[in-house]
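Text of my_file-v5.cif (mmCIF, C-alpha atoms) as supplied:
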```
data_upload
#
loop_
_atom_site.label_atom_id
_atom_site.label_comp_id
_atom_site.auth_asym_id
_atom_site.auth_seq_id
_atom_site.Cartn_x
_atom_site.Cartn_y
_atom_site.Cartn_z
CA MET A 340 0.00 0.00 0.00
CA SER A 341 1.45 3.34 -0.96
CA GLU A 342 1.14 6.58 0.89
CA VAL A 343 1.22 10.19 -0.27
CA ILE A 344 2.76 12.55 2.26
CA VAL A 345 2.97 16.32 1.98
CA VAL A 346 5.71 18.16 3.89
CA THR A 347 4.46 21.65 4.64
CA SER A 348 4.93 24.53 7.08
CA GLY A 349 3.36 27.81 6.04
CA LYS A 350 6.41 29.85 6.95
CA GLY A 351 9.41 29.69 4.67
CA GLY A 352 12.89 28.72 5.72
CA VAL A 353 11.99 26.30 8.51
CA GLY A 354 13.43 23.28 6.73
CA LYS A 355 10.73 21.69 4.58
CA THR A 356 13.07 20.85 1.74
CA THR A 357 15.84 19.54 4.00
CA THR A 358 13.27 17.44 5.85
CA THR A 359 11.85 16.08 2.59
CA ALA A 360 15.31 15.15 1.33
CA ASN A 361 16.25 13.42 4.57
CA LEU A 362 12.99 11.51 4.99
CA GLY A 363 13.22 10.34 1.39
CA THR A 364 16.78 9.19 1.94
CA GLY A 365 15.86 7.52 5.23
CA LEU A 366 12.85 5.65 3.85
CA ALA A 367 14.91 4.51 0.85
CA LYS A 368 17.56 3.20 3.24
CA LEU A 369 14.77 1.22 4.92
CA ASN A 370 14.23 -0.47 1.54
CA LYS A 371 11.20 1.52 0.51
CA LYS A 372 10.67 2.81 -2.99
CA VAL A 373 10.28 6.58 -2.69
CA VAL A 374 9.70 9.46 -5.06
CA LEU A 375 10.19 13.04 -3.89
CA VAL A 376 8.15 15.60 -5.80
CA ASP A 377 9.27 19.22 -5.67
CA THR A 378 6.05 21.22 -5.99
CA ASP A 379 7.76 24.58 -5.50
CA ILE A 380 7.46 25.61 -9.15
CA GLY A 381 9.65 28.59 -9.96
CA LEU A 382 11.73 28.23 -6.79
CA ARG A 383 12.98 24.67 -6.96
CA ASN A 384 15.56 23.60 -4.40
CA LEU A 385 15.06 19.94 -3.60
CA ASP A 386 17.40 19.11 -6.50
CA VAL A 387 20.33 21.01 -4.96
CA VAL A 388 19.70 19.67 -1.46
CA LEU A 389 19.87 16.16 -2.89
CA GLY A 390 22.86 17.02 -5.10
CA LEU A 391 21.00 16.12 -8.31
CA GLU A 392 20.84 19.57 -9.95
CA ASN A 393 23.06 18.58 -12.89
CA ARG A 394 20.90 15.68 -13.97
CA ILE A 395 17.60 17.41 -14.65
CA VAL A 396 16.27 16.96 -18.15
CA TYR A 397 12.50 17.18 -17.77
CA ASN A 398 10.42 18.50 -14.87
CA LEU A 399 7.03 18.31 -13.17
CA VAL A 400 5.37 20.76 -15.56
CA ASP A 401 6.71 18.84 -18.58
CA VAL A 402 5.06 15.70 -17.23
CA ILE A 403 1.77 17.45 -16.52
CA GLU A 404 1.71 19.12 -19.93
CA GLY A 405 2.44 15.80 -21.61
CA ASN A 406 5.86 16.72 -23.01
CA CYS A 407 7.32 13.59 -21.49
CA ARG A 408 6.40 10.57 -19.38
CA ALA A 409 6.83 10.67 -15.61
CA ALA A 410 9.51 7.97 -15.85
CA GLN A 411 11.58 10.20 -18.15
CA ALA A 412 11.49 13.16 -15.78
CA MET A 413 12.34 11.23 -12.62
CA ILE A 414 15.97 11.29 -11.55
CA LYS A 415 17.47 8.37 -9.68
CA ASP A 416 19.41 9.34 -6.56
CA LYS A 417 23.20 9.09 -6.64
CA LYS A 418 23.56 7.01 -3.52
CA CYS A 419 20.24 5.54 -2.48
CA ASP A 420 18.64 2.78 -4.46
CA GLY A 421 14.91 3.23 -4.60
CA LEU A 422 14.98 7.03 -4.22
CA TYR A 423 13.80 9.22 -7.08
CA LEU A 424 13.27 12.95 -7.57
CA LEU A 425 10.67 14.61 -9.74
CA PRO A 426 12.01 18.17 -9.97
CA ALA A 427 9.92 21.34 -10.23
CA ALA A 428 10.09 23.64 -13.24
CA GLN A 429 12.26 26.67 -12.59
CA THR A 430 11.08 28.96 -15.39
CA ARG A 431 7.34 28.68 -14.72
CA ASP A 432 5.12 29.66 -11.81
CA LYS A 433 2.58 28.00 -9.53
CA SER A 434 -0.31 28.65 -11.91
CA ALA A 435 1.21 26.20 -14.41
CA VAL A 436 -0.42 23.36 -12.43
CA THR A 437 -3.90 22.82 -10.97
CA PRO A 438 -4.82 20.69 -7.95
CA ASP A 439 -6.65 18.24 -10.23
CA GLN A 440 -3.61 17.79 -12.43
CA MET A 441 -1.50 17.13 -9.33
CA LYS A 442 -3.97 14.49 -8.19
CA THR A 443 -3.83 12.73 -11.54
CA LEU A 444 -0.03 12.75 -11.53
CA VAL A 445 0.26 11.55 -7.95
CA ASP A 446 -2.24 8.73 -8.56
CA GLU A 447 0.01 7.64 -11.41
CA LEU A 448 3.10 7.70 -9.15
CA ARG A 449 1.26 5.85 -6.37
CA LYS A 450 1.24 2.68 -8.48
CA ASP A 451 5.02 2.44 -8.63
CA PHE A 452 6.16 3.71 -5.24
CA ASP A 453 5.71 2.93 -1.55
CA TYR A 454 5.92 6.61 -0.64
CA VAL A 455 5.23 9.74 -2.66
CA ILE A 456 6.56 12.71 -0.68
CA LEU A 457 5.52 16.18 -1.82
CA ASP A 458 7.74 19.12 -0.88
CA CYS A 459 5.29 21.98 -0.45
CA PRO A 460 6.16 25.63 -1.14
CA ALA A 461 5.87 28.21 1.64
CA GLY A 462 2.65 30.18 1.82
CA ILE A 463 -1.00 29.22 1.60
CA GLU A 464 -1.68 30.13 -2.01
CA GLN A 465 -1.98 28.06 -5.17
CA GLY A 466 1.30 26.19 -4.66
CA PHE A 467 0.10 24.99 -1.25
CA GLN A 468 -3.31 24.05 -2.63
CA ASN A 469 -1.64 22.03 -5.42
CA ALA A 470 0.64 20.21 -3.01
CA ILE A 471 -2.02 19.20 -0.49
CA ALA A 472 -4.69 18.24 -3.03
CA ALA A 473 -3.38 14.71 -3.46
CA ALA A 474 -2.01 14.07 0.04
CA ASP A 475 -3.15 11.27 2.33
CA ARG A 476 -1.32 12.75 5.27
CA ALA A 477 0.79 15.76 6.17
CA LEU A 478 3.97 16.39 8.09
CA ILE A 479 4.01 19.94 9.41
CA VAL A 480 7.50 21.30 9.94
CA THR A 481 8.06 24.10 12.41
CA THR A 482 10.92 25.61 14.36
CA PRO A 483 10.40 26.54 18.03
CA GLU A 484 9.79 30.20 17.19
CA VAL A 485 6.57 32.16 17.56
CA SER A 486 6.34 33.09 13.88
CA ALA A 487 6.81 29.54 12.62
CA VAL A 488 4.46 28.02 15.22
CA ARG A 489 1.76 30.54 14.45
CA ASP A 490 1.96 29.75 10.75
CA ALA A 491 1.94 26.03 11.51
CA ASP A 492 -1.34 26.48 13.38
CA ARG A 493 -2.86 28.17 10.36
CA ILE A 494 -1.63 25.37 8.11
CA ILE A 495 -3.11 22.70 10.38
CA GLY A 496 -6.47 24.48 10.15
CA LEU A 497 -6.27 24.70 6.35
CA LEU A 498 -5.26 21.04 6.04
CA GLU A 499 -8.26 19.97 8.09
CA ALA A 500 -10.53 22.21 6.06
CA ASN A 501 -9.20 20.43 2.96
CA ASP A 502 -9.82 16.98 4.46
CA VAL A 503 -6.19 16.12 5.14
CA ARG A 504 -6.64 14.81 8.66
CA ASN A 505 -3.72 12.52 9.40
CA ASN A 506 -1.30 15.26 10.41
CA HIS A 507 1.88 15.15 12.45
CA LEU A 508 4.34 17.71 13.68
CA ILE A 509 8.10 17.84 13.22
CA VAL A 510 9.88 20.32 15.47
CA ASN A 511 12.99 21.27 13.55
CA ARG A 512 16.18 23.07 14.51
CA LEU A 513 15.73 22.73 18.23
CA ASN A 514 18.69 24.31 19.98
CA ILE A 515 19.09 22.02 22.98
CA ASP A 516 21.32 24.42 24.88
CA MET A 517 18.94 27.33 24.49
CA MET A 518 16.00 25.11 25.42
CA LYS A 519 17.72 24.05 28.64
CA HIS A 520 18.28 27.67 29.56
CA GLY A 521 14.65 28.50 28.94
CA ASN A 522 15.41 30.62 25.91
CA MET A 523 13.75 28.39 23.36
CA MET A 524 10.44 26.59 23.49
CA SER A 525 10.77 22.83 23.85
CA ALA A 526 9.02 20.40 21.52
CA ASP A 527 6.54 19.76 24.34
CA ASP A 528 5.78 23.49 24.54
CA VAL A 529 5.08 23.62 20.81
CA VAL A 530 2.91 20.50 20.95
CA GLU A 531 0.95 21.98 23.85
CA VAL A 532 0.27 25.18 21.92
CA LEU A 533 -0.68 23.45 18.67
CA SER A 534 -2.44 20.35 20.03
CA ILE A 535 -1.21 18.01 17.32
CA ASP A 536 0.70 14.73 17.57
CA LEU A 537 4.48 14.94 17.42
CA ILE A 538 6.29 12.62 15.02
CA GLY A 539 9.82 13.90 15.47
CA VAL A 540 12.24 16.40 16.91
CA VAL A 541 15.34 17.36 14.95
CA PRO A 542 18.02 19.13 16.98
CA TYR A 543 19.92 22.03 15.48
CA ASP A 544 23.25 20.95 14.09
CA GLU A 545 25.77 22.73 11.90
CA LYS A 546 26.18 19.43 10.06
CA ILE A 547 22.93 20.18 8.23
CA VAL A 548 24.48 23.25 6.63
CA VAL A 549 27.53 21.25 5.58
CA ALA A 550 25.30 18.49 4.23
CA THR A 551 23.33 21.01 2.18
CA ASN A 552 26.58 22.54 0.89
CA THR A 553 27.61 19.21 -0.52
CA GLY A 554 24.16 17.91 -1.43
CA THR A 555 24.25 14.82 0.76
CA PRO A 556 21.34 14.23 3.18
CA LEU A 557 22.27 13.03 6.67
CA ALA A 558 19.55 10.46 7.36
CA GLY A 559 21.03 7.22 8.56
CA ASP A 560 24.64 8.41 8.82
CA GLY A 561 24.80 7.68 12.54
CA SER A 562 24.87 11.32 13.66
CA MET A 563 22.31 12.65 16.14
CA VAL A 564 20.47 14.53 13.39
CA GLY A 565 20.71 11.56 11.03
CA ASN A 566 19.21 9.36 13.73
CA ALA A 567 16.44 11.87 14.40
CA TYR A 568 15.43 11.62 10.74
CA MET A 569 15.63 7.83 10.77
CA ASN A 570 13.37 7.75 13.83
CA ILE A 571 10.81 9.83 11.96
CA CYS A 572 11.03 7.41 9.03
CA HIS A 573 10.32 4.46 11.32
CA ARG A 574 7.36 6.30 12.82
CA ILE A 575 6.03 7.12 9.34
CA MET A 576 6.09 3.37 8.67
CA GLY A 577 3.94 2.90 11.76
CA GLU A 578 6.63 1.63 14.12
CA LYS A 579 6.77 2.84 17.66
CA VAL A 580 10.10 4.48 18.42
CA ASP A 581 10.89 6.26 21.67
CA PHE A 582 11.74 9.93 21.42
CA MET A 583 15.39 10.86 21.94
CA ASP A 584 16.25 12.10 25.38
CA LEU A 585 17.47 15.59 24.50
CA ASP A 586 17.81 16.46 28.15
CA ALA A 587 20.41 13.79 28.67
CA GLU A 588 23.48 15.48 30.02
CA SER A 589 26.93 14.06 29.92
CA GLY A 590 29.66 14.57 32.46
CA PHE A 591 29.71 14.67 36.22
CA PHE A 592 29.44 18.43 36.66
CA SER A 593 26.47 18.94 34.44
CA LYS A 594 24.72 16.15 36.34
CA LEU A 595 25.59 17.88 39.58
CA ARG A 596 24.28 21.15 38.21
CA GLY A 597 21.14 19.35 37.16
CA LEU A 598 20.59 18.29 40.77
CA PHE A 599 20.64 21.85 41.98
CA ARG A 600 18.50 23.23 39.19
CA LYS A 601 15.52 21.14 40.33
CA MET B 1244 1.62 25.90 39.75
CA ARG B 1245 4.37 24.30 41.73
CA LEU B 1246 6.06 26.17 44.50
CA ALA B 1247 9.34 26.17 42.59
CA ASP B 1248 7.65 27.91 39.66
CA PHE B 1249 6.58 30.70 41.95
CA PHE B 1250 10.14 31.73 42.64
CA ARG B 1251 11.36 31.09 39.13
CA LYS B 1252 11.77 34.07 36.84
CA LYS B 1253 9.71 33.83 33.69
CA THR B 1254 12.00 32.70 30.87
CA SER B 1255 11.75 33.99 27.33
CA SER B 1256 10.40 30.62 26.20
CA ASP B 1257 7.57 30.98 28.74
CA ILE B 1258 6.81 34.40 27.33
CA ALA B 1259 6.87 33.00 23.78
CA LYS B 1260 4.43 30.28 24.76
CA ASP B 1261 2.05 32.69 26.49
CA ARG B 1262 2.09 35.12 23.58
CA LEU B 1263 1.50 32.31 21.11
CA LYS B 1264 -1.45 30.96 23.06
CA LEU B 1265 -3.10 34.37 23.01
CA VAL B 1266 -2.44 35.11 19.36
CA LEU B 1267 -3.67 31.66 18.31
CA VAL B 1268 -6.97 32.14 20.10
CA SER B 1269 -7.78 35.14 17.96
CA ASP B 1270 -6.31 33.48 14.83
CA ARG B 1271 -8.45 30.40 15.32
CA ALA B 1272 -11.57 32.38 16.05
CA SER B 1273 -10.81 34.33 12.85
CA CYS B 1274 -11.20 37.42 14.95
CA SER B 1275 -8.68 40.07 13.99
CA PRO B 1276 -7.92 43.08 16.21
CA GLU B 1277 -9.84 45.18 13.64
CA ILE B 1278 -12.99 43.13 14.10
CA LEU B 1279 -12.58 43.25 17.87
CA GLU B 1280 -12.34 47.03 17.67
CA ARG B 1281 -15.60 47.13 15.67
CA ILE B 1282 -17.30 44.86 18.20
CA LYS B 1283 -16.12 47.19 20.94
CA ILE B 1284 -17.55 50.26 19.20
CA ASP B 1285 -20.88 48.49 18.60
CA ILE B 1286 -21.13 47.35 22.22
CA ILE B 1287 -20.48 50.90 23.43
CA HIS B 1288 -23.07 52.14 20.99
CA VAL B 1289 -25.76 49.73 22.19
CA LEU B 1290 -25.07 50.04 25.91
CA SER B 1291 -24.88 53.83 25.76
CA LYS B 1292 -28.60 53.86 25.09
CA TYR B 1293 -29.18 52.54 28.59
CA VAL B 1294 -26.15 53.31 30.72
CA GLU B 1295 -23.24 55.71 30.86
CA ILE B 1296 -19.99 53.82 30.29
CA ASP B 1297 -16.48 54.63 31.43
CA GLN B 1298 -14.88 54.23 28.01
CA SER B 1299 -11.30 54.51 29.27
CA GLY B 1300 -11.80 51.56 31.60
CA LEU B 1301 -13.39 49.40 28.93
CA ASP B 1302 -11.66 46.06 28.38
CA ILE B 1303 -12.81 43.67 25.67
CA LYS B 1304 -10.80 40.68 24.49
CA ILE B 1305 -11.05 37.18 23.14
CA THR B 1306 -9.76 34.60 25.61
CA GLN B 1307 -10.01 30.89 26.02
CA ILE B 1308 -12.20 29.13 28.54
CA ASP B 1309 -11.45 25.59 29.59
CA GLN B 1310 -14.47 23.39 29.23
CA ASP B 1311 -12.94 20.61 31.26
CA GLY B 1312 -10.56 22.65 33.36
CA GLU B 1313 -7.61 21.02 31.64
CA GLY B 1314 -6.97 23.44 28.81
CA GLY B 1315 -5.60 22.22 25.49
CA GLU B 1316 -7.99 20.65 23.03
CA ASN B 1317 -11.21 21.23 24.91
CA SER B 1318 -10.82 24.93 25.42
CA ALA B 1319 -13.15 27.23 23.51
CA PRO B 1320 -12.86 30.89 22.58
CA ALA B 1321 -14.86 33.32 24.68
CA LEU B 1322 -15.50 37.03 24.47
CA TYR B 1323 -14.46 38.65 27.70
CA ALA B 1324 -15.79 42.12 28.40
CA ASN B 1325 -15.27 44.29 31.44
CA ILE B 1326 -17.40 47.42 31.11
CA PRO B 1327 -17.40 49.91 33.99
CA ILE B 1328 -20.70 51.74 34.33
CA ILE B 1329 -20.64 55.33 35.56
CA SER B 1330 -24.37 55.73 35.97
CA MET B 1331 -27.66 54.32 34.73
CA ARG B 1332 -29.58 56.40 32.26
CA HIS B 1333 -33.21 56.68 33.21
CA ASN B 1334 -35.82 57.75 30.81
CA ASP B 1335 -37.35 60.43 32.91
#
```

Go through the file and emit its structure as structure tokens.
Amino acid sequence: MSEVIVVTSGKGGVGKTTTTANLGTGLAKLNKKVVLVDTDIGLRNLDVVLGLENRIVYNLVDVIEGNCRAAQAMIKDKKCDGLYLLPAAQTRDKSAVTPDQMKTLVDELRKDFDYVILDCPAGIEQGFQNAIAAADRALIVTTPEVSAVRDADRIIGLLEANDVRNNHLIVNRLNIDMMKHGNMMSADDVVEVLSIDLIGVVPYDEKIVVATNTGTPLAGDGSMVGNAYMNICHRIMGEKVDFMDLDAESGFFSKLRGLFRK
Amino acid sequence: MRLADFFRKKTSSDIAKDRLKLVLVSDRASCSPEILERIKIDIIHVLSKYVEIDQSGLDIKITQIDQDGEGGENSAPALYANIPIISMRHND
């Protein structure tokens, strides 16, 4: 049974594309057949995050307009077997596609893949409507900041209004140090405000920037961030995985400090 | 509230959470500050027919009431209005 997942956030720059790339990589490493669809027409980026920008021949709009078959436009990932990218068009805009056309395309892709993951553009306009039209479920990405959380709440409302009801939250770029000092909301805080189920917490790590520089997603590389993404992948597949203990402190003195803080 | 919380200074993440909770109530109720202002003007207009209102002490806002005392999912938006009356107008 295949599943169509939209990765969305409302606010831009919270890590939708990075999340999409990493979840795709992670699911492919768990032997699933995955296609990532970049629906951000005119502002495509999933190709560079995956390091596949030099291999694009056809794009999403070409497929929808019938200039080529979906199989011709899909790019196979460099490293992961079973991971494919359907890139967005860069020289067109969101109005080049309608929600109905997206549905038709995604239903076509459904037949060949275990997971179809749609990278949604920021905003709540046509691009968002296109991306969510065909989705079975949504992953809402937010950072622990008021602006991102507020937009996430709006997105959750719009998803429900559009009958996408299986929605989960990813709290991205959590700065553990700041959280411990009370200068950043914790994932629990965000969940409390939004009242939605949490599917993953991704701590802030400079490694993500390096990974994006080189176009190599981190999922499954053994790092803390890579593991966080893998955990989300397992949970997407319906497995129960305990959340990482981000409060875990190492060293004698920090433990001692911890005693006094309580 | 635990006793420890009482002595603890409010952190910026606490402030963020409180501000978010408030702003989301009005977002969810699709009640913008502009609409609230119009409601306020209309309420003053209607009540002024019957009573004299202290307009500077008027406080109208959308808050959340807990239906089960727990907060979270079962809380509903409520219009809170505190309207000081200076004197009753009598039709005499």

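You can rank B:Asp1285, B:Glu1280, B:Cys1274, B:Pro1327 by their closest distance to Gln1298 (chain B) using only C-alpha atoms, and at the top of that list sits B:Pro1327.
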
Seminar exercise, completed: Of A:Ile471, A:Val510, A:Leu424, A:Ile495, the one nearest to chain B when counting all atoms listed in the file is A:Ile495

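For the structure shown here, the set of residues caught by the PyMOL selection byres ((chain B) within 9 of (chain A)) is Ala1247, Lys1253, Thr1254, Ser1255, Ser1256, Asp1257, Ala1259, Lys1260, Asp1261, Arg1262, Leu1263, Lys1264, Val1266, Leu1267, Asp1270, Arg1271, Gly1315 and Glu1316 of chain B.
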
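Minimum distance to Ile1284 (chain B) across B:Ile1303, B:Val1268, B:Tyr1323, B:Lys1252 (counting all atoms listed in the file) occurs at B:Ile1303.
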
Problem set entry | Residue among B:Ile1308, B:Met1331, B:Ile1258, B:Leu1265 lying closest to Leu1290 (chain B), counting all atoms listed in the file | B:Met1331

For this session: Name the residues that the PyMOL selection byres ((chain A and resi 366-380) around 9) picks from the file above, as a ChimeraX atom specification, using the file's chain letters and numbers.
Result: /A:356,359-365,381-386,399-400,413,419-436,448,451-461,466-467,469-470,558-559,569,572-573,575-576

Could those residues be written to a file, using C-alpha atoms, as a short mmCIF file (atom, residue, chain, number, x, y, z; two decimals), keeping the file's coordinate frame?
```cif
data_model
loop_
_atom_site.label_atom_id
_atom_site.label_comp_id
_atom_site.auth_asym_id
_atom_site.auth_seq_id
_atom_site.Cartn_x
_atom_site.Cartn_y
_atom_site.Cartn_z
CA THR A 356 13.07 20.85 1.74
CA THR A 359 11.85 16.08 2.59
CA ALA A 360 15.31 15.15 1.33
CA ASN A 361 16.25 13.42 4.57
CA LEU A 362 12.99 11.51 4.99
CA GLY A 363 13.22 10.34 1.39
CA THR A 364 16.78 9.19 1.94
CA GLY A 365 15.86 7.52 5.23
CA GLY A 381 9.65 28.59 -9.96
CA LEU A 382 11.73 28.23 -6.79
CA ARG A 383 12.98 24.67 -6.96
CA ASN A 384 15.56 23.60 -4.40
CA LEU A 385 15.06 19.94 -3.60
CA ASP A 386 17.40 19.11 -6.50
CA LEU A 399 7.03 18.31 -13.17
CA VAL A 400 5.37 20.76 -15.56
CA MET A 413 12.34 11.23 -12.62
CA CYS A 419 20.24 5.54 -2.48
CA ASP A 420 18.64 2.78 -4.46
CA GLY A 421 14.91 3.23 -4.60
CA LEU A 422 14.98 7.03 -4.22
CA TYR A 423 13.80 9.22 -7.08
CA LEU A 424 13.27 12.95 -7.57
CA LEU A 425 10.67 14.61 -9.74
CA PRO A 426 12.01 18.17 -9.97
CA ALA A 427 9.92 21.34 -10.23
CA ALA A 428 10.09 23.64 -13.24
CA GLN A 429 12.26 26.67 -12.59
CA THR A 430 11.08 28.96 -15.39
CA ARG A 431 7.34 28.68 -14.72
CA ASP A 432 5.12 29.66 -11.81
CA LYS A 433 2.58 28.00 -9.53
CA SER A 434 -0.31 28.65 -11.91
CA ALA A 435 1.21 26.20 -14.41
CA VAL A 436 -0.42 23.36 -12.43
CA LEU A 448 3.10 7.70 -9.15
CA ASP A 451 5.02 2.44 -8.63
CA PHE A 452 6.16 3.71 -5.24
CA ASP A 453 5.71 2.93 -1.55
CA TYR A 454 5.92 6.61 -0.64
CA VAL A 455 5.23 9.74 -2.66
CA ILE A 456 6.56 12.71 -0.68
CA LEU A 457 5.52 16.18 -1.82
CA ASP A 458 7.74 19.12 -0.88
CA CYS A 459 5.29 21.98 -0.45
CA PRO A 460 6.16 25.63 -1.14
CA ALA A 461 5.87 28.21 1.64
CA GLY A 466 1.30 26.19 -4.66
CA PHE A 467 0.10 24.99 -1.25
CA ASN A 469 -1.64 22.03 -5.42
CA ALA A 470 0.64 20.21 -3.01
CA ALA A 558 19.55 10.46 7.36
CA GLY A 559 21.03 7.22 8.56
CA MET A 569 15.63 7.83 10.77
CA CYS A 572 11.03 7.41 9.03
CA HIS A 573 10.32 4.46 11.32
CA ILE A 575 6.03 7.12 9.34
CA MET A 576 6.09 3.37 8.67
#
```

Seminar exercise, completed: Between CA of Val1289 (chain B) and CA of Leu1322 (chain B) lies a distance of 16.5 Å

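CA of Ile538 (chain A) is found 11.6 Å from CA of Met583 (chain A).
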
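Going from CA of Pro1320 (chain B) over to CA of Thr1306 (chain B), you cover 5.7 Å.
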